[in-house]
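Colleague: Shown below is the structure under consideration.
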Protein chains: 4
Amino acid sequence: MKATIALLKAFGEPLALEEVEIPPLSAGQVLVRVEAAGVCGSDVHMWRGRDPRTPLPIILGHEGVGRVLEVRGARQDLYGQPVREGQRILWERGVTCGRCYACAVLHEPSLCPSRWAYGIHRAFSVPPHLNGCYATHIILEPTTPLIPLEEKGDPAVWVAASCSGATATHGFDLSPAHIGDTVAILGPGPLGAFSVALARAQGAAHVVMIGGTPERLALCQRLGATHLLNRQTTSPRERREMILGLTQGRGADLVVEASGSLSAAREALDLARYGGTVSWVGFGTPAGEMPLAPFEAVVRKNLRLQGVWVSDVRHTLQAVHLIHQHREAFAALVTHRFPLQKATEALRCVEAREAMKAVLIP
Amino acid sequence: MKATIALLKAFGEPLALEEVEIPPLSAGQVLVRVEAAGVCGSDVHMWRGRDPRTPLPIILGHEGVGRVLEVRGARQDLYGQPVREGQRILWERGVTCGRCYACAVLHEPSLCPSRWAYGIHRAFSVPPHLNGCYATHIILEPTTPLIPLEEKGDPAVWVAASCSGATATHGFDLSPAHIGDTVAILGPGPLGAFSVALARAQGAAHVVMIGGTPERLALCQRLGATHLLNRQTTSPRERREMILGLTQGRGADLVVEASGSLSAAREALDLARYGGTVSWVGFGTPAGEMPLAPFEAVVRKNLRLQGVWVSDVRHTLQAVHLIHQHREAFAALVTHRFPLQKATEALRCVEAREAMKAVLIP
Amino acid sequence: MKATIALLKAFGEPLALEEVEIPPLSAGQVLVRVEAAGVCGSDVHMWRGRDPRTPLPIILGHEGVGRVLEVRGARQDLYGQPVREGQRILWERGVTCGRCYACAVLHEPSLCPSRWAYGIHRAFSVPPHLNGCYATHIILEPTTPLIPLEEKGDPAVWVAASCSGATATHGFDLSPAHIGDTVAILGPGPLGAFSVALARAQGAAHVVMIGGTPERLALCQRLGATHLLNRQTTSPRERREMILGLTQGRGADLVVEASGSLSAAREALDLARYGGTVSWVGFGTPAGEMPLAPFEAVVRKNLRLQGVWVSDVRHTLQAVHLIHQHREAFAALVTHRFPLQKATEALRCVEAREAMKAVLIP
Amino acid sequence: MKATIALLKAFGEPLALEEVEIPPLSAGQVLVRVEAAGVCGSDVHMWRGRDPRTPLPIILGHEGVGRVLEVRGARQDLYGQPVREGQRILWERGVTCGRCYACAVLHEPSLCPSRWAYGIHRAFSVPPHLNGCYATHIILEPTTPLIPLEEKGDPAVWVAASCSGATATHGFDLSPAHIGDTVAILGPGPLGAFSVALARAQGAAHVVMIGGTPERLALCQRLGATHLLNRQTTSPRERREMILGLTQGRGADLVVEASGSLSAAREALDLARYGGTVSWVGFGTPAGEMPLAPFEAVVRKNLRLQGVWVSDVRHTLQAVHLIHQHREAFAALVTHRFPLQKATEALRCVEAREAMKAVLIP
């Protein structure tokens, strides 16, 4: 049997569409027919050669949903149920060892030093070769957690759980919202959209979304944002005053930076109340330095600042739960769909920030 | 009856020693004969006019231990026991309302907007006038929590619990150490010394103290520091490598900045492990800005950064417990004692960083 | 000005309707025109003489909503805003000292040894006499937290926040649900109804309500219960199997006992997963003993069992937030309304378990 | 090469000493020369046939320390360092999958449904046969976490970290003590002794140990118990009054049941303060039922009751840290040593409660 893959061979060049033989499975491996593959902002970075982790050639794609075609030996899903052929699944993008100090002592597998992710760390040359989601088929290793999905419906709605959904959830796992809280979120992309849903899922009374694109803001409203602030038409000071007004002068209990920009990181610190928490979730790549006054910005305010990097399957599963509860709104997140043949076009669309979420349908 | 007070009338000038009539007590007030009053670094700031909160004239001094001379009506100590005349007590320096959103909803009285502290916020002109510890007598308001102390022994050993001890404890309440952790602490002054004892009290296996004064480092060793690093004779890189060596390459689980300097704040971020916590406790006044790279310093490391400002009586009481357990080592913290007449000299001694802890014995 | 009160003079006898002069206010007191007063199950216990705390004669009623008629001096609400005459408020039923070991050190004011509640602890003879909500007017002490409500709409919808809402919230504060959890709740009365809303507000994916009254079960469904189990038509074993089926054989992550019966307390332990949590919230009065096997029921299952007693204003405020988010469903909780003249009838109606929630409109 | 094993072939009969060929290692397996093997109370249960898990024949022994004789392929220890031949190690007794819902979603590997322990679950017939510590050699599976120990000194001091130390630590991980707390512990066996050290390591000011054997009480004092209560010479009421006296009438903040008896489980509930925590750690086997009044014993007191079962390597490592800090006192825990030939005698000695801790030196 053959698979079609979109291969990144040279940075910045169009992906090469190739047909390759699917290798026989080893014990515990699972062959999946990819139904939908998310195109993540970090894929663009890799394509452009700005991510030093990127080995060449590589099949990109760390967000995937598909159907089990073949299982070699007995495999169980995350719930301990046997994996069946034909079943629709979502898999954890990051594979961790389960045994190291981070995994076994700290109970924080996202810190596992040997963590690797499909579509990011393994070159096409590394067996079993089908290591990324920009392809008709992917082979999952025995240690990859598998989450069963509903059999019916649009597969594309789930892909964002793998990466932006899981990462946003990791943020709210480390720095939760509480019932009645006011939560401010900067950046209405996928990370921000999930953060809105998470803030509401943890009981926030007010969720203020700050962003520049009216369509994205409107989607966040469907997910539960109670207040929308367009940064094109408001000043930082006006936004701060609006939040102080909402909170009798206190400021937001939790602020989530979900855009990866220095100005948002700075504004997040200003919007939080004394004793509040700021979560920096949006930075996926280096973004330079900002000036910070430790006394005024952090210490005098008794502020907690939490950096958030990647996630583990606990968070992916919670993101899947979230999508279950807001199926239609998350479906609206998927603004663009492309066949595998147009993977390069999909990357360009994401690079141009045209798509809220672009998905390949291989 | 008369009290002798050391009054700050003009910034930078010697304190004026005056005799004043002790006013009659109102219901619930407690008149205390001050036995020992700590001279805090922030007293120097106030004396020099660098703290905009300072009303003039004022009796400085927010750290005090003394004996109850008179109680107007029934008063209970923090444990609900009746307060007796002659009893030795330590009081909470910060008075909070107990009713506001911070006190009653957040359960974080240190954030109470109407919090005020003896010796800091109330001018001498405000009744009952005896509002600071640089005096033979102080009058405590009905809402001030009172902690009973042992009747015997040196009163000076306890004063540091009021401020640096309580603040350091607040830091470990917000960001605790765990059994087996490696904790690095920058700055071997009173805040750092308490932090050493706290790290050990919470089970840290390794406590690395970084500082520049051999005597202070040696005192921290008595309190439980397992490794001392003199920053005069080691480079930041050497210190980092030493801590990586202690932790099989991970870095410190918790790093406490206890010096209030930008370079230590920066170094603290570098010494923490991925997923670790940095606690900035040392900044008592503005110290300028530092450059910060959100991605590299915080996000990619999944770091938590906690700012710590003041404390509440929960922390003061825990600091008293700590001193109980390390009586002799904390006694050695008190390097200088002055009569009330030499209060100005005491301030100069602290300003010149000659004293680890200076105490007035009025 | 006069107030009409319904006075409990002899246990089990009809309440006596009397007109009394409203006393002049002391500093900080607030006179409130009661708009709605909840009739709680514990009021029935007090009326029947089964609660040894009950002093006679007494104005019952600890759940109230009303409008400020007069303020003596300046008072602030919980948010620090000045209290205005004519404003609609809800007040914290329990008054705590804010200074004791429980309040100030443990930060758990619900454990304050001097806590007392309106309508429960203070006899009518104790000034300012108007100490309960079964009356046209109540006088609130200076230390009572005041929560402002929306000016318009039905006042009765809010009263349950004072007691069952706050207590249920306390339970979820001590033992929270998490995103994706399965939560089982036993007892669809007011405590159980709030628990459903709380479980959903904290992100539970499945909320199973177990009860015997179809109308109550249906109301819980409106508040977010995903599965209803009628204990009249299912066996404990069937209920357990249903929950195991929902959770791939694990059991519920959190089980809330909200009925105060020994059989429910026992069943709660059986329904929880290994490592799960059981919250006993429903017991308001002694209910006898049950047999418990420590090894099988608790230790081998690594179970956490949390007893929940009363609450503090943090919880009352969160309950108000919950009602804001489910206004209509909580309005449906109020199944019976009575004028003050029919207060005895209201008690009988609650005693007969005819009402989900009965409210006096004085 | 041959190993000598002590084989349990028939319940209650003497263990059979046999010489068997050591099988060749598979990839990732580690052959260890056992230096010390703890004799646990649960070994006695297994020997007597009271533990239904026990397959026959079996090599008992789940607590072990030894030296690496051979490694097949590359293995890393828990810190990620290569395992060297000749190195002294302690290994995690429980092997978990690292991938299931308990391991990967809950981050609680001690709940892993496929968890199995050396010397408990695997018969001698299951390859690699050397599956227990009552032997000169044991073969460790590739997924077993390995903790490096100091090369020198008595190996027997470490064995208790594997089981009672790790379980006690799990208890304090789930229900920690805090600085200044009063902790009461019932049962001065190995679990209780570790609990004393843990309570102190987390900052408890008072640690009250209740037990019946003066020698054991004395050892607990060396580990940090501040008060010893002999239950032979005091009544439950006297013990309760003593603890109330220590705590100004509140009761203990945390009570640890470490004896596995119903009377201690009951007494633990009585000794805890309102809002306190009771940890039931001591029950290793069924012990019957006790009567419990939910209202009086749990709900009205706002009590938390935590059942504790087994542990994971996070706890084993923390127990190793504890022993490091109290080397001499924990050495005194080992009251009896036996050669492998006298393994049956060792079991009898533990059964007769003669030994605090008995260790085989194979």
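Following the order of the structure tokens, chains are lettered A, B, ..., residues in each are numbered from 1, and ligands are numbered from 1.
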Excluding same-chain residues fewer than 5 positions from range 347-353 of chain C, what lies within 12 Å of it counting only C-alpha atoms, as an NGL selection string?

Modeller: :C and (6 or 8 or 12-15 or 38-48 or 60-61 or 134 or 188-190 or 212-213 or 216 or 334-338 or 340-342 or 358-360)

Colleague: If you keep N, CA, C and O atoms, can you produce a file of those selected residues as a CSV table (one decimal), in the first residue's frame?

Modeller:
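Written file, out-v3.csv:
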```
chain,number,residue,atom,x,y,z
C,6,ALA,N,-42.1,37.9,62.6
C,6,ALA,CA,-42.7,36.6,62.9
C,6,ALA,C,-41.8,35.9,63.9
C,6,ALA,O,-40.7,35.5,63.6
C,8,LEU,N,-40.6,33.3,66.8
C,8,LEU,CA,-40.6,32.0,67.4
C,8,LEU,C,-40.5,32.1,68.9
C,8,LEU,O,-39.5,32.4,69.4
C,12,GLY,N,-42.4,24.5,68.0
C,12,GLY,CA,-43.5,23.8,67.4
C,12,GLY,C,-44.7,24.5,67.3
C,12,GLY,O,-45.7,24.1,66.6
C,13,GLU,N,-44.8,25.7,68.0
C,13,GLU,CA,-46.0,26.5,67.9
C,13,GLU,C,-46.0,27.4,66.7
C,13,GLU,O,-44.9,27.7,66.2
C,14,PRO,N,-47.1,27.9,66.3
C,14,PRO,CA,-47.1,28.9,65.2
C,14,PRO,C,-46.3,30.1,65.6
C,14,PRO,O,-46.3,30.5,66.7
C,15,LEU,N,-45.6,30.7,64.6
C,15,LEU,CA,-44.8,31.9,64.9
C,15,LEU,C,-45.8,33.0,65.2
C,15,LEU,O,-46.9,33.1,64.6
C,38,GLY,N,-35.4,33.4,52.6
C,38,GLY,CA,-35.5,32.0,52.4
C,38,GLY,C,-35.9,31.2,53.6
C,38,GLY,O,-35.6,31.6,54.7
C,39,VAL,N,-36.7,30.1,53.4
C,39,VAL,CA,-37.1,29.2,54.4
C,39,VAL,C,-36.2,28.0,54.3
C,39,VAL,O,-36.4,27.2,53.3
C,40,CYS,N,-35.2,27.8,55.2
C,40,CYS,CA,-34.2,26.8,55.0
C,40,CYS,C,-34.7,25.5,55.8
C,40,CYS,O,-35.4,25.7,56.8
C,41,GLY,N,-34.2,24.4,55.4
C,41,GLY,CA,-34.5,23.2,56.2
C,41,GLY,C,-34.1,23.3,57.7
C,41,GLY,O,-34.8,22.8,58.6
C,42,SER,N,-33.0,24.0,57.9
C,42,SER,CA,-32.6,24.1,59.3
C,42,SER,C,-33.5,25.0,60.1
C,42,SER,O,-33.6,24.9,61.3
C,43,ASP,N,-34.3,25.9,59.4
C,43,ASP,CA,-35.3,26.7,60.2
C,43,ASP,C,-36.3,25.7,60.7
C,43,ASP,O,-36.8,25.9,61.9
C,44,VAL,N,-36.7,24.7,60.0
C,44,VAL,CA,-37.6,23.7,60.5
C,44,VAL,C,-37.1,23.0,61.7
C,44,VAL,O,-37.8,22.9,62.7
C,45,HIS,N,-35.8,22.6,61.7
C,45,HIS,CA,-35.2,22.0,62.8
C,45,HIS,C,-35.3,22.9,64.0
C,45,HIS,O,-35.6,22.5,65.2
C,46,MET,N,-35.0,24.2,63.8
C,46,MET,CA,-35.0,25.2,64.9
C,46,MET,C,-36.5,25.3,65.5
C,46,MET,O,-36.7,25.3,66.7
C,47,TRP,N,-37.4,25.4,64.6
C,47,TRP,CA,-38.8,25.6,64.9
C,47,TRP,C,-39.2,24.4,65.8
C,47,TRP,O,-39.9,24.6,66.8
C,48,ARG,N,-38.8,23.2,65.4
C,48,ARG,CA,-39.2,22.0,66.1
C,48,ARG,C,-38.5,21.8,67.4
C,48,ARG,O,-38.7,20.8,68.1
C,60,LEU,N,-36.5,33.9,63.2
C,60,LEU,CA,-35.7,33.0,62.4
C,60,LEU,C,-35.4,33.7,61.0
C,60,LEU,O,-35.8,34.8,60.8
C,61,GLY,N,-34.6,32.9,60.2
C,61,GLY,CA,-34.3,33.5,58.9
C,61,GLY,C,-32.9,33.9,58.7
C,61,GLY,O,-32.5,35.0,59.2
C,134,TYR,N,-37.1,36.7,59.0
C,134,TYR,CA,-38.6,36.5,59.0
C,134,TYR,C,-39.2,37.8,59.5
C,134,TYR,O,-39.9,37.8,60.6
C,188,PRO,N,-31.2,16.1,45.0
C,188,PRO,CA,-31.5,17.2,44.1
C,188,PRO,C,-32.2,18.3,44.8
C,188,PRO,O,-33.0,19.0,44.1
C,189,GLY,N,-32.0,18.6,46.0
C,189,GLY,CA,-32.5,19.8,46.7
C,189,GLY,C,-31.7,21.0,46.3
C,189,GLY,O,-30.8,20.9,45.4
C,190,PRO,N,-31.8,22.1,47.1
C,190,PRO,CA,-31.1,23.3,46.8
C,190,PRO,C,-29.5,23.0,46.8
C,190,PRO,O,-28.8,23.5,45.9
C,212,GLY,N,-34.9,11.3,44.0
C,212,GLY,CA,-36.2,10.6,43.9
C,212,GLY,C,-37.4,11.4,43.4
C,212,GLY,O,-38.4,10.8,43.2
C,213,THR,N,-37.2,12.7,43.1
C,213,THR,CA,-38.4,13.5,42.7
C,213,THR,C,-38.1,14.0,41.3
C,213,THR,O,-37.2,14.7,41.0
C,216,ARG,N,-37.6,17.7,40.7
C,216,ARG,CA,-36.2,18.2,41.1
C,216,ARG,C,-35.2,17.7,40.1
C,216,ARG,O,-34.2,18.5,39.8
C,334,VAL,N,-37.3,28.4,43.1
C,334,VAL,CA,-38.2,28.9,44.0
C,334,VAL,C,-39.6,28.4,43.7
C,334,VAL,O,-40.3,29.0,42.8
C,335,THR,N,-40.1,27.4,44.3
C,335,THR,CA,-41.4,26.8,43.9
C,335,THR,C,-42.5,27.3,44.8
C,335,THR,O,-43.7,27.2,44.4
C,336,HIS,N,-42.2,27.9,45.9
C,336,HIS,CA,-43.3,28.4,46.8
C,336,HIS,C,-42.9,29.8,47.4
C,336,HIS,O,-41.8,30.0,47.8
C,337,ARG,N,-44.0,30.6,47.4
C,337,ARG,CA,-43.8,32.0,48.0
C,337,ARG,C,-44.9,32.2,49.0
C,337,ARG,O,-46.1,31.8,48.8
C,338,PHE,N,-44.6,32.8,50.1
C,338,PHE,CA,-45.6,33.1,51.2
C,338,PHE,C,-45.4,34.5,51.7
C,338,PHE,O,-44.3,35.0,51.8
C,340,LEU,N,-45.4,37.1,54.9
C,340,LEU,CA,-44.8,36.9,56.2
C,340,LEU,C,-45.9,36.3,57.1
C,340,LEU,O,-45.6,35.5,58.0
C,341,GLN,N,-47.1,36.7,56.9
C,341,GLN,CA,-48.2,36.2,57.8
C,341,GLN,C,-48.3,34.7,57.7
C,341,GLN,O,-48.9,34.0,58.6
C,342,LYS,N,-47.9,34.1,56.6
C,342,LYS,CA,-48.0,32.6,56.5
C,342,LYS,C,-46.6,31.9,56.7
C,342,LYS,O,-46.4,30.9,56.1
C,358,ALA,N,-38.8,27.4,49.4
C,358,ALA,CA,-39.9,28.3,49.7
C,358,ALA,C,-39.3,29.6,50.2
C,358,ALA,O,-38.2,29.6,50.9
C,359,VAL,N,-39.9,30.7,49.8
C,359,VAL,CA,-39.4,32.0,50.1
C,359,VAL,C,-40.5,32.9,50.7
C,359,VAL,O,-41.7,32.9,50.2
C,360,LEU,N,-40.2,33.6,51.8
C,360,LEU,CA,-41.2,34.6,52.3
C,360,LEU,C,-41.0,35.9,51.6
C,360,LEU,O,-39.8,36.3,51.4
```

Colleague: What are the residues of chain B that have an atom within 6 Å of an atom of chain C, counting only C-alpha atoms, as a list in words?

Modeller: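 Taken together, these residues fit the definition: Leu78, Tyr79, Gly98, Cys100, Tyr101, Val105, His107 and Arg314 of chain B.
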
Colleague: Please write the residues from the selection above to a file, keeping N, CA, C and O atoms, as a PDB file, in the first residue's frame.

Modeller:
```
ATOM      1  N   LEU B  78      -3.781  36.035  69.578  1.00  0.00           N
ATOM      2  CA  LEU B  78      -4.103  35.344  68.325  1.00  0.00           C
ATOM      3  C   LEU B  78      -4.676  33.950  68.581  1.00  0.00           C
ATOM      4  O   LEU B  78      -5.384  33.396  67.739  1.00  0.00           O
ATOM      5  N   TYR B  79      -4.378  33.386  69.727  1.00  0.00           N
ATOM      6  CA  TYR B  79      -4.867  32.048  70.053  1.00  0.00           C
ATOM      7  C   TYR B  79      -6.194  32.081  70.818  1.00  0.00           C
ATOM      8  O   TYR B  79      -6.671  31.044  71.265  1.00  0.00           O
ATOM      9  N   GLY B  98     -10.050  43.138  57.419  1.00  0.00           N
ATOM     10  CA  GLY B  98     -10.742  41.879  57.660  1.00  0.00           C
ATOM     11  C   GLY B  98     -12.086  41.750  56.962  1.00  0.00           C
ATOM     12  O   GLY B  98     -12.762  40.728  57.116  1.00  0.00           O
ATOM     13  N   CYS B 100     -12.809  43.436  53.535  1.00  0.00           N
ATOM     14  CA  CYS B 100     -12.863  43.849  52.133  1.00  0.00           C
ATOM     15  C   CYS B 100     -12.732  42.644  51.202  1.00  0.00           C
ATOM     16  O   CYS B 100     -12.593  41.505  51.633  1.00  0.00           O
ATOM     17  N   TYR B 101     -12.759  42.930  49.920  1.00  0.00           N
ATOM     18  CA  TYR B 101     -12.641  41.882  48.912  1.00  0.00           C
ATOM     19  C   TYR B 101     -11.336  41.095  49.094  1.00  0.00           C
ATOM     20  O   TYR B 101     -11.337  39.865  49.053  1.00  0.00           O
ATOM     21  N   VAL B 105     -12.824  37.844  50.528  1.00  0.00           N
ATOM     22  CA  VAL B 105     -13.104  37.009  49.359  1.00  0.00           C
ATOM     23  C   VAL B 105     -11.842  36.286  48.898  1.00  0.00           C
ATOM     24  O   VAL B 105     -11.832  35.071  48.704  1.00  0.00           O
ATOM     25  N   HIS B 107      -9.095  36.014  50.639  1.00  0.00           N
ATOM     26  CA  HIS B 107      -8.366  35.468  51.800  1.00  0.00           C
ATOM     27  C   HIS B 107      -6.883  35.816  51.717  1.00  0.00           C
ATOM     28  O   HIS B 107      -6.028  35.019  52.074  1.00  0.00           O
ATOM     29  N   ARG B 314      -0.489  35.331  59.478  1.00  0.00           N
ATOM     30  CA  ARG B 314      -0.183  33.920  59.252  1.00  0.00           C
ATOM     31  C   ARG B 314       1.327  33.719  59.083  1.00  0.00           C
ATOM     32  O   ARG B 314       1.905  32.770  59.617  1.00  0.00           O
TER      33      ARG B 314
END
```

Colleague: Once DSSP has gone over the backbone, tell me which residues of range 38-164 of chain C are in strand (DSSP E or B), as a PyMOL selection string.

Modeller: chain C and resi 38-39+58-59+63-71+76+82+88-91+94-95+116-117+135+137-140+146-148

Colleague: Any chance you can output those residues with N, CA and C atoms as a short mmCIF file (atom, residue, chain, number, x, y, z; two decimals), in the first residue's frame?

Modeller:
```cif
data_model
loop_
_atom_site.label_atom_id
_atom_site.label_comp_id
_atom_site.auth_asym_id
_atom_site.auth_seq_id
_atom_site.Cartn_x
_atom_site.Cartn_y
_atom_site.Cartn_z
N GLY C 38 -35.43 33.42 52.63
CA GLY C 38 -35.52 32.00 52.36
C GLY C 38 -35.93 31.21 53.59
N VAL C 39 -36.69 30.14 53.37
CA VAL C 39 -37.05 29.22 54.45
C VAL C 39 -36.20 27.98 54.27
N ILE C 58 -37.02 34.11 69.20
CA ILE C 58 -36.08 34.45 68.14
C ILE C 58 -36.83 34.73 66.84
N ILE C 59 -36.28 35.64 66.06
CA ILE C 59 -36.73 35.83 64.68
C ILE C 59 -35.89 34.92 63.81
N GLU C 63 -31.42 33.66 55.49
CA GLU C 63 -31.24 33.91 54.06
C GLU C 63 -32.08 35.13 53.68
N GLY C 64 -31.44 36.21 53.30
CA GLY C 64 -32.25 37.39 53.02
C GLY C 64 -31.72 38.25 51.90
N VAL C 65 -32.65 38.93 51.26
CA VAL C 65 -32.34 39.94 50.25
C VAL C 65 -33.22 41.14 50.59
N GLY C 66 -32.69 42.34 50.42
CA GLY C 66 -33.52 43.49 50.72
C GLY C 66 -32.92 44.77 50.21
N ARG C 67 -33.60 45.88 50.56
CA ARG C 67 -33.11 47.19 50.13
C ARG C 67 -32.68 47.99 51.34
N VAL C 68 -31.58 48.70 51.17
CA VAL C 68 -31.04 49.53 52.24
C VAL C 68 -32.00 50.68 52.50
N LEU C 69 -32.48 50.79 53.74
CA LEU C 69 -33.36 51.91 54.09
C LEU C 69 -32.56 53.04 54.72
N GLU C 70 -31.58 52.64 55.54
CA GLU C 70 -30.83 53.66 56.27
C GLU C 70 -29.46 53.11 56.62
N VAL C 71 -28.46 53.96 56.53
CA VAL C 71 -27.10 53.59 56.94
C VAL C 71 -26.66 54.59 57.98
N GLN C 76 -19.20 50.53 53.47
CA GLN C 76 -18.81 50.09 52.14
C GLN C 76 -19.33 48.69 51.91
N PRO C 82 -19.29 52.73 48.35
CA PRO C 82 -20.20 53.21 49.40
C PRO C 82 -21.59 52.60 49.24
N ARG C 88 -30.30 47.49 46.45
CA ARG C 88 -30.63 46.11 46.79
C ARG C 88 -29.35 45.36 47.17
N ILE C 89 -29.40 44.67 48.27
CA ILE C 89 -28.22 43.93 48.72
C ILE C 89 -28.59 42.53 49.22
N LEU C 90 -27.59 41.69 49.24
CA LEU C 90 -27.63 40.41 49.93
C LEU C 90 -26.49 40.46 50.94
N TRP C 91 -26.72 39.91 52.12
CA TRP C 91 -25.68 40.00 53.15
C TRP C 91 -25.23 38.59 53.56
N GLY C 94 -23.25 34.75 58.06
CA GLY C 94 -22.37 34.45 59.19
C GLY C 94 -21.45 35.62 59.47
N VAL C 95 -21.41 36.05 60.71
CA VAL C 95 -20.53 37.14 61.09
C VAL C 95 -19.33 36.56 61.82
N TRP C 116 -21.29 33.82 64.28
CA TRP C 116 -22.71 33.69 64.58
C TRP C 116 -23.48 34.08 63.32
N ALA C 117 -24.70 33.57 63.22
CA ALA C 117 -25.49 33.81 62.01
C ALA C 117 -26.81 34.48 62.37
N ALA C 135 -39.09 38.88 58.81
CA ALA C 135 -39.52 40.19 59.30
C ALA C 135 -39.51 41.16 58.14
N HIS C 137 -38.16 44.03 58.41
CA HIS C 137 -36.90 44.77 58.52
C HIS C 137 -35.86 43.95 59.28
N ILE C 138 -34.63 44.16 58.93
CA ILE C 138 -33.52 43.55 59.67
C ILE C 138 -32.46 44.63 59.84
N ILE C 139 -31.72 44.55 60.95
CA ILE C 139 -30.60 45.49 61.16
C ILE C 139 -29.30 44.71 61.07
N LEU C 140 -28.44 45.14 60.17
CA LEU C 140 -27.17 44.43 59.94
C LEU C 140 -26.04 45.12 60.70
N LEU C 146 -21.58 43.01 52.80
CA LEU C 146 -22.75 43.35 51.99
C LEU C 146 -22.42 43.18 50.51
N ILE C 147 -23.25 42.43 49.81
CA ILE C 147 -23.03 42.19 48.38
C ILE C 147 -24.12 42.92 47.60
N PRO C 148 -23.71 43.86 46.74
CA PRO C 148 -24.73 44.57 45.96
C PRO C 148 -25.33 43.66 44.89
#
```

Colleague: Tell me, which residues of range 140-251 of chain C carry DSSP helix (DSSP H, G or I), written as a PyMOL selection string?

Modeller: chain C and resi 155-162+164-174+190-201+214-222+236-246

Colleague: What's the 12 Å shell around Ala193 in chain D, counting only C-alpha atoms, without same-chain residues fewer than 5 positions away, as a ChimeraX atom specification?

Modeller: /D:160-161,164-165,167-169,184-188,198-200,207-211,215-225,256-259,282,319,322-323,326,329-334,356-357

Colleague: As a PyMOL selection string, please: the residues near range 241-244 of chain C (cut-off 9 Å, only C-alpha atoms, same-chain neighbours under 4 positions excluded).

Modeller: chain C and resi 182+184+208+236-237+248-252+271+273
